[in-house]
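Novice: The file below is target-v2.txt, compact mmCIF, C-alpha atoms:
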# COMPACT_ATOMS: atom_id res chain seq x y z
CA PHE A 1 -5.53 43.99 18.42
CA LEU A 2 -5.63 41.01 20.75
CA PRO A 3 -7.85 38.13 19.61
CA SER A 4 -9.14 38.04 23.20
CA GLU A 5 -11.16 41.15 22.44
CA ASN A 6 -13.75 39.27 20.45
CA VAL A 7 -13.01 35.55 20.11
CA GLY A 8 -14.73 32.60 21.80
CA GLN A 9 -15.97 29.13 20.93
CA GLU A 10 -19.42 27.72 20.33
CA THR A 11 -21.10 24.37 19.88
CA GLU A 12 -24.76 23.51 19.43
CA ASP A 13 -24.81 20.91 22.25
CA SER A 14 -22.46 19.70 24.95
CA ILE A 15 -23.51 16.05 24.47
CA PHE A 16 -23.36 14.46 21.05
CA CYS A 17 -22.20 11.44 19.07
CA ALA A 18 -18.56 11.12 18.11
CA LYS A 19 -17.58 13.24 15.09
CA SER A 20 -21.18 14.37 14.54
CA ALA A 21 -20.97 17.95 15.85
CA SER A 22 -18.41 20.72 15.65
CA LEU A 23 -16.67 22.96 18.12
CA GLU A 24 -15.98 26.26 16.39
CA VAL A 25 -14.00 29.37 17.15
CA ARG A 26 -16.19 32.42 16.48
CA ARG A 27 -15.89 36.14 17.00
CA PHE A 28 -18.39 37.68 19.38
CA SER A 29 -19.05 40.45 16.89
CA ILE A 30 -20.48 39.95 13.40
CA ALA A 31 -16.94 40.07 11.99
CA THR A 32 -15.49 36.88 10.55
CA LEU A 33 -12.26 35.17 11.52
CA GLN A 34 -9.25 36.66 9.80
CA THR A 35 -7.17 34.95 7.15
CA GLY A 36 -3.81 33.90 8.52
CA TRP A 37 -4.91 33.28 12.10
CA SER A 38 -3.73 29.96 13.56
CA TYR A 39 -5.50 27.61 15.92
CA GLN A 40 -4.37 25.00 18.40
CA TRP A 41 -7.06 23.01 20.15
CA LYS A 42 -6.51 21.45 23.55
CA ARG A 43 -8.30 18.67 25.39
CA ASN A 44 -7.98 18.57 29.16
CA GLY A 45 -5.10 21.01 28.83
CA ASN A 46 -3.14 18.94 26.29
CA ASN A 47 -2.53 20.02 22.71
CA LEU A 48 -4.24 17.94 20.02
CA ALA A 49 -1.81 17.47 17.13
CA TRP A 50 -4.61 16.93 14.60
CA ALA A 51 -6.74 19.91 15.70
CA THR A 52 -5.36 23.04 14.06
CA ASN A 53 -8.39 24.42 12.24
CA SER A 54 -10.99 26.88 13.47
CA ALA A 55 -13.51 24.04 13.83
CA ILE A 56 -13.11 20.44 14.97
CA LYS A 57 -15.32 17.40 15.47
CA PRO A 58 -14.41 15.86 18.83
CA ALA A 59 -14.34 12.07 19.09
CA THR A 60 -13.62 11.90 22.84
CA SER A 61 -15.20 13.46 25.91
CA GLY A 62 -13.25 16.14 27.74
CA THR A 63 -12.81 19.86 28.30
CA TYR A 64 -11.85 21.64 25.09
CA SER A 65 -10.36 25.06 24.46
CA CYS A 66 -8.49 26.67 21.60
CA ILE A 67 -5.44 28.90 21.48
CA VAL A 68 -5.93 31.49 18.75
CA THR A 69 -3.00 33.43 17.35
CA ASN A 70 -3.60 36.48 15.17
CA ASN A 71 -1.40 37.92 12.44
CA SER A 72 0.49 40.05 14.98
CA GLY A 73 1.49 37.00 17.02
CA CYS A 74 -0.89 37.80 19.87
CA THR A 75 -2.57 34.78 21.43
CA PHE A 76 -5.64 34.06 23.49
CA GLU A 77 -7.14 30.85 24.82
CA THR A 78 -10.89 30.60 24.45
CA ASN A 79 -13.25 29.74 27.25
CA PRO A 80 -13.25 25.98 28.05
CA ALA A 81 -16.16 23.84 26.93
CA ALA A 82 -16.98 20.57 28.69
CA ILE A 83 -18.07 18.07 26.06
CA ILE A 84 -19.54 14.59 26.47
CA VAL A 85 -19.00 12.51 23.36
CA ASN A 86 -21.00 9.31 23.07
CA PRO A 87 -19.33 6.53 21.10
CA LEU A 88 -20.40 5.36 17.68
CA PRO A 89 -21.38 1.71 17.36
CA THR A 90 -18.85 -0.63 15.81
CA VAL A 91 -19.92 -2.06 12.45
CA ASN A 92 -17.82 -4.59 10.54
CA LEU A 93 -20.02 -6.15 7.87
CA GLN A 94 -18.89 -9.64 6.85
CA PRO A 95 -18.17 -10.95 4.34
CA ALA A 96 -16.62 -7.72 3.13
CA GLY A 97 -15.83 -6.74 -0.45
CA SER A 98 -17.23 -8.92 -3.23
CA THR A 99 -18.61 -12.44 -2.79
CA GLU A 100 -20.01 -14.78 -5.42
CA ILE A 101 -22.62 -17.34 -4.33
CA CYS A 102 -24.20 -20.28 -6.09
CA THR A 103 -27.63 -20.10 -7.67
CA ASN A 104 -30.38 -21.04 -5.19
CA SER A 105 -27.98 -20.78 -2.25
CA THR A 106 -28.11 -18.47 0.77
CA LEU A 107 -25.32 -16.46 2.36
CA ILE A 108 -25.56 -15.00 5.87
CA LEU A 109 -24.33 -11.42 6.20
CA ASN A 110 -23.20 -10.46 9.69
CA ALA A 111 -23.21 -6.83 10.83
CA GLY A 112 -20.20 -7.41 13.08
CA SER A 113 -21.85 -5.30 15.75
CA SER A 114 -23.37 -5.80 19.20
CA ALA A 115 -26.74 -7.54 19.03
CA ALA A 116 -27.97 -4.95 21.54
CA ASN A 117 -27.89 -2.31 18.79
CA THR A 118 -30.73 -1.80 16.32
CA PHE A 119 -30.10 -2.39 12.64
CA SER A 120 -31.32 -1.18 9.27
CA TRP A 121 -30.30 -3.15 6.19
CA TYR A 122 -30.08 -1.77 2.65
CA ARG A 123 -29.83 -3.46 -0.73
CA ASN A 124 -28.80 -1.19 -3.57
CA ASN A 125 -29.52 1.77 -1.24
CA THR A 126 -33.13 0.62 -0.67
CA LEU A 127 -34.25 -0.05 2.91
CA MET A 128 -35.10 -3.70 3.54
CA ALA A 129 -37.60 -5.23 5.97
CA ALA A 130 -34.89 -6.61 8.24
CA SER A 131 -33.74 -5.57 11.70
CA ALA A 132 -31.55 -8.36 13.10
CA ASP A 133 -27.75 -8.29 13.28
CA THR A 134 -27.58 -10.94 10.54
CA LEU A 135 -29.23 -11.07 7.12
CA PRO A 136 -29.70 -14.13 4.86
CA VAL A 137 -29.24 -13.17 1.19
CA SER A 138 -29.72 -15.10 -2.04
CA THR A 139 -30.15 -12.15 -4.40
CA ALA A 140 -27.35 -10.22 -6.09
CA GLY A 141 -26.84 -6.65 -4.97
CA THR A 142 -24.80 -4.26 -2.88
CA TYR A 143 -25.65 -4.52 0.80
CA ARG A 144 -25.00 -2.15 3.72
CA VAL A 145 -26.11 -2.09 7.32
CA THR A 146 -26.59 0.84 9.69
CA ALA A 147 -26.32 0.22 13.44
CA THR A 148 -27.79 2.48 16.13
CA ASN A 149 -26.68 2.14 19.75
CA ALA A 150 -28.38 3.05 23.02
CA PHE A 151 -27.08 6.65 22.78
CA GLY A 152 -28.83 7.08 19.42
CA CYS A 153 -25.49 7.21 17.61
CA THR A 154 -25.32 5.53 14.22
CA ALA A 155 -22.63 4.05 11.99
CA THR A 156 -22.92 2.58 8.51
CA SER A 157 -20.82 -0.31 7.23
CA GLN A 158 -18.72 -0.53 4.13
CA PRO A 159 -20.61 -2.21 1.26
CA SER A 160 -20.71 -5.95 0.67
CA LYS A 161 -21.30 -6.81 -2.99
CA ILE A 162 -23.01 -10.14 -3.63
CA THR A 163 -23.13 -11.71 -7.08
CA VAL A 164 -24.81 -14.96 -8.14
CA TYR A 165 -22.92 -17.32 -10.43
CA ARG A 166 -24.98 -17.84 -13.56
CA ALA A 167 -23.47 -19.18 -16.76
CA LYS A 168 -24.54 -17.58 -20.04
CA THR A 169 -24.08 -18.87 -23.58
CA THR A 170 -23.81 -16.57 -26.58
CA ALA A 171 -23.58 -17.39 -30.27
CA ASN A 172 -20.79 -15.78 -32.28
CA GLY A 173 -22.90 -15.62 -35.43
CA PRO A 174 -26.27 -16.70 -36.90
CA THR A 175 -27.90 -19.74 -35.29
CA ILE A 176 -29.65 -20.68 -38.53
CA PHE A 177 -27.23 -21.80 -41.21
CA CYS A 178 -26.80 -24.19 -44.13
CA ALA A 179 -25.73 -27.83 -43.81
CA GLY A 180 -21.97 -28.06 -43.55
CA ASP A 181 -21.63 -24.70 -41.83
CA SER A 182 -21.38 -24.06 -38.08
CA VAL A 183 -21.71 -21.40 -35.42
CA VAL A 184 -19.33 -20.91 -32.51
CA LEU A 185 -21.00 -20.94 -29.12
CA GLN A 186 -19.14 -19.40 -26.20
CA GLN A 187 -19.46 -19.26 -22.43
CA TYR A 188 -17.05 -16.79 -20.86
CA THR A 189 -18.80 -16.19 -17.53
CA PRO A 190 -16.21 -14.74 -15.07
CA ASN A 191 -14.61 -17.15 -12.55
CA THR A 192 -15.55 -20.23 -14.60
CA VAL A 193 -12.93 -23.01 -14.39
CA SER A 194 -14.58 -25.94 -16.20
CA TRP A 195 -17.05 -26.49 -19.06
CA GLN A 196 -19.07 -29.37 -20.47
CA TRP A 197 -21.14 -28.63 -23.55
CA GLN A 198 -24.39 -30.52 -24.01
CA LEU A 199 -26.68 -31.10 -26.95
CA ASN A 200 -30.30 -31.74 -26.00
CA ASN A 201 -29.13 -32.19 -22.37
CA VAL A 202 -26.62 -34.92 -23.29
CA ASN A 203 -22.87 -34.40 -22.79
CA ILE A 204 -20.89 -33.90 -25.99
CA PRO A 205 -17.68 -35.97 -25.72
CA GLY A 206 -14.56 -33.80 -25.62
CA ALA A 207 -16.50 -30.53 -25.57
CA THR A 208 -14.89 -29.14 -22.42
CA PHE A 209 -13.68 -25.71 -23.52
CA PRO A 210 -15.18 -22.20 -23.31
CA THR A 211 -16.23 -22.42 -26.96
CA TYR A 212 -17.88 -25.04 -29.12
CA ALA A 213 -18.56 -25.14 -32.87
CA ALA A 214 -22.15 -26.33 -33.28
CA LYS A 215 -22.76 -28.05 -36.61
CA GLN A 216 -26.14 -29.73 -36.14
CA SER A 217 -29.60 -28.68 -35.04
CA GLY A 218 -30.61 -28.91 -31.40
CA LEU A 219 -30.53 -27.19 -28.03
CA TYR A 220 -27.03 -26.46 -26.75
CA ARG A 221 -25.98 -25.43 -23.30
CA ALA A 222 -22.85 -25.44 -21.16
CA LYS A 223 -22.59 -27.02 -17.72
CA SER A 224 -20.06 -24.82 -15.97
CA LYS A 225 -18.33 -24.71 -12.61
CA ASN A 226 -16.71 -21.70 -10.94
CA ILE A 227 -13.71 -21.49 -8.62
CA ALA A 228 -15.98 -21.92 -5.57
CA GLY A 229 -17.49 -25.13 -6.93
CA CYS A 230 -20.83 -23.66 -7.98
CA VAL A 231 -22.42 -25.48 -10.93
CA SER A 232 -24.56 -23.57 -13.41
CA TYR A 233 -26.30 -24.58 -16.63
CA SER A 234 -26.32 -21.83 -19.20
CA ASN A 235 -29.27 -20.75 -21.29
CA GLN A 236 -30.06 -22.96 -24.29
Could you write out this file's structure as structure tokens?
Specialist:
Amino acid sequence: FLPSENVGQETEDSIFCAKSASLEVRRFSIATLQTGWSYQWKRNGNNLAWATNSAIKPATSGTYSCIVTNNSGCTFETNPAAIIVNPLPTVNLQPAGSTEICTNSTLILNAGSSAANTFSWYRNNTLMAASADTLPVSTAGTYRVTATNAFGCTATSQPSKITVYRAKTTANGPTIFCAGDSVVLQQYTPNTVSWQWQLNNVNIPGATFPTYAAKQSGLYRAKSKNIAGCVSYSNQ
């Protein structure tokens, strides 16, 4: 039979945000679409190379229709549907990727979006009490921002992971030992480029490596610097 006997297209609304609603080919009867049928969607009379499924999510306003071909090679073009697609806001969170900051410093995240939009910021997927297009951060975490434009359309950024450079010392063995013995202290915090070991807050001459063999009693720590120039004193 001809697909024109019982095929049309439906959408919930004719105005929606880009890629948020679907145009679907449906049969007027309760029967489902048949396996093997092919679909070619058109916008303003022009074929859309990417739109060859029974349902699409339009990203651009226009008049849409679909050419349906059944297993016998018979074709029918559905009724046209005039669609208004409102744009999504642009969001380009900066800095992107992973960023390490110094202890007690502040980094400004920028949504990379029009200040006319409204914003919701998240840290570790928890909503924050912030609504501007920028956000000062000093705490480690994974940050995202969602922008909403005047059409009510929303877009969420890629994550920005913030870490805080903090040096940490560990002992490779017991810290209580007999005279003449020692324990190796180590500070292998990622991105560290220089070390200065201290005993009771006084520099130990020549102790400028990731490890140090402590042989006497006292409080040891490492003054470390990372590739960005952040200085951190490890735990004692």
Novice: Smallest atom-to-atom distance to Glu100 of chain A: which of A:Tyr165, A:Tyr39, A:Trp195, A:Phe151, using all atoms listed in the file?
Specialist: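 Closest to Glu100 of chain A of all the choices is A:Tyr165.
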Novice: I need the residue nearest Arg144 of chain A from this list: A:Trp121, A:Ser131, A:Thr78, A:Trp37. Use only C-alpha atoms for the distance.
Specialist: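 For Arg144 of chain A, the nearest of the given residues is A:Trp121.
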Novice: For atom CA of Leu107 of chain A and atom CA of Thr134 of chain A, quote the distance in Å rounded to one decimal.
Specialist: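 Pair atom CA of Leu107 of chain A / atom CA of Thr134 of chain A returns 10.1 Å.
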Novice: Which of these residues is nearest to Asn46 of chain A, using only C-alpha atoms: A:Tyr64, A:Ala129, A:Ile84, A:Arg123?
Specialist: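 Of A:Tyr64, A:Ala129, A:Ile84, A:Arg123, the one nearest Asn46 of chain A is A:Tyr64, counting only C-alpha atoms.
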Novice: What lies within 10 Å of Val231 of chain A using all atoms listed in the file, ignoring chain neighbours under 3 positions off, as a list in words?
Specialist: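 Listing them by chain and then by number gives Cys102, Thr103, Tyr165, Arg166, Ala167, Thr192, Ser194, Trp195, Lys223, Ser224, Lys225, Asn226, Ile227, Ala228 and Ser234 of chain A.
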Novice: Pick the closest to Asn200 of chain A from A:Gln187, A:Gln94, A:Thr139, A:Gln216: which is it, counting only C-alpha atoms?
Specialist: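 Closest residue, counting only C-alpha atoms: A:Gln216.
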Novice: So that I can see what lies close to Ala132 of chain A, please list as an MDAnalysis selection string the residues with an atom at most 12 Å from it, counting only C-alpha atoms and leaving out residues fewer than 6 positions away in the same chain.
Specialist: chainID A and resid 108:121 145:148
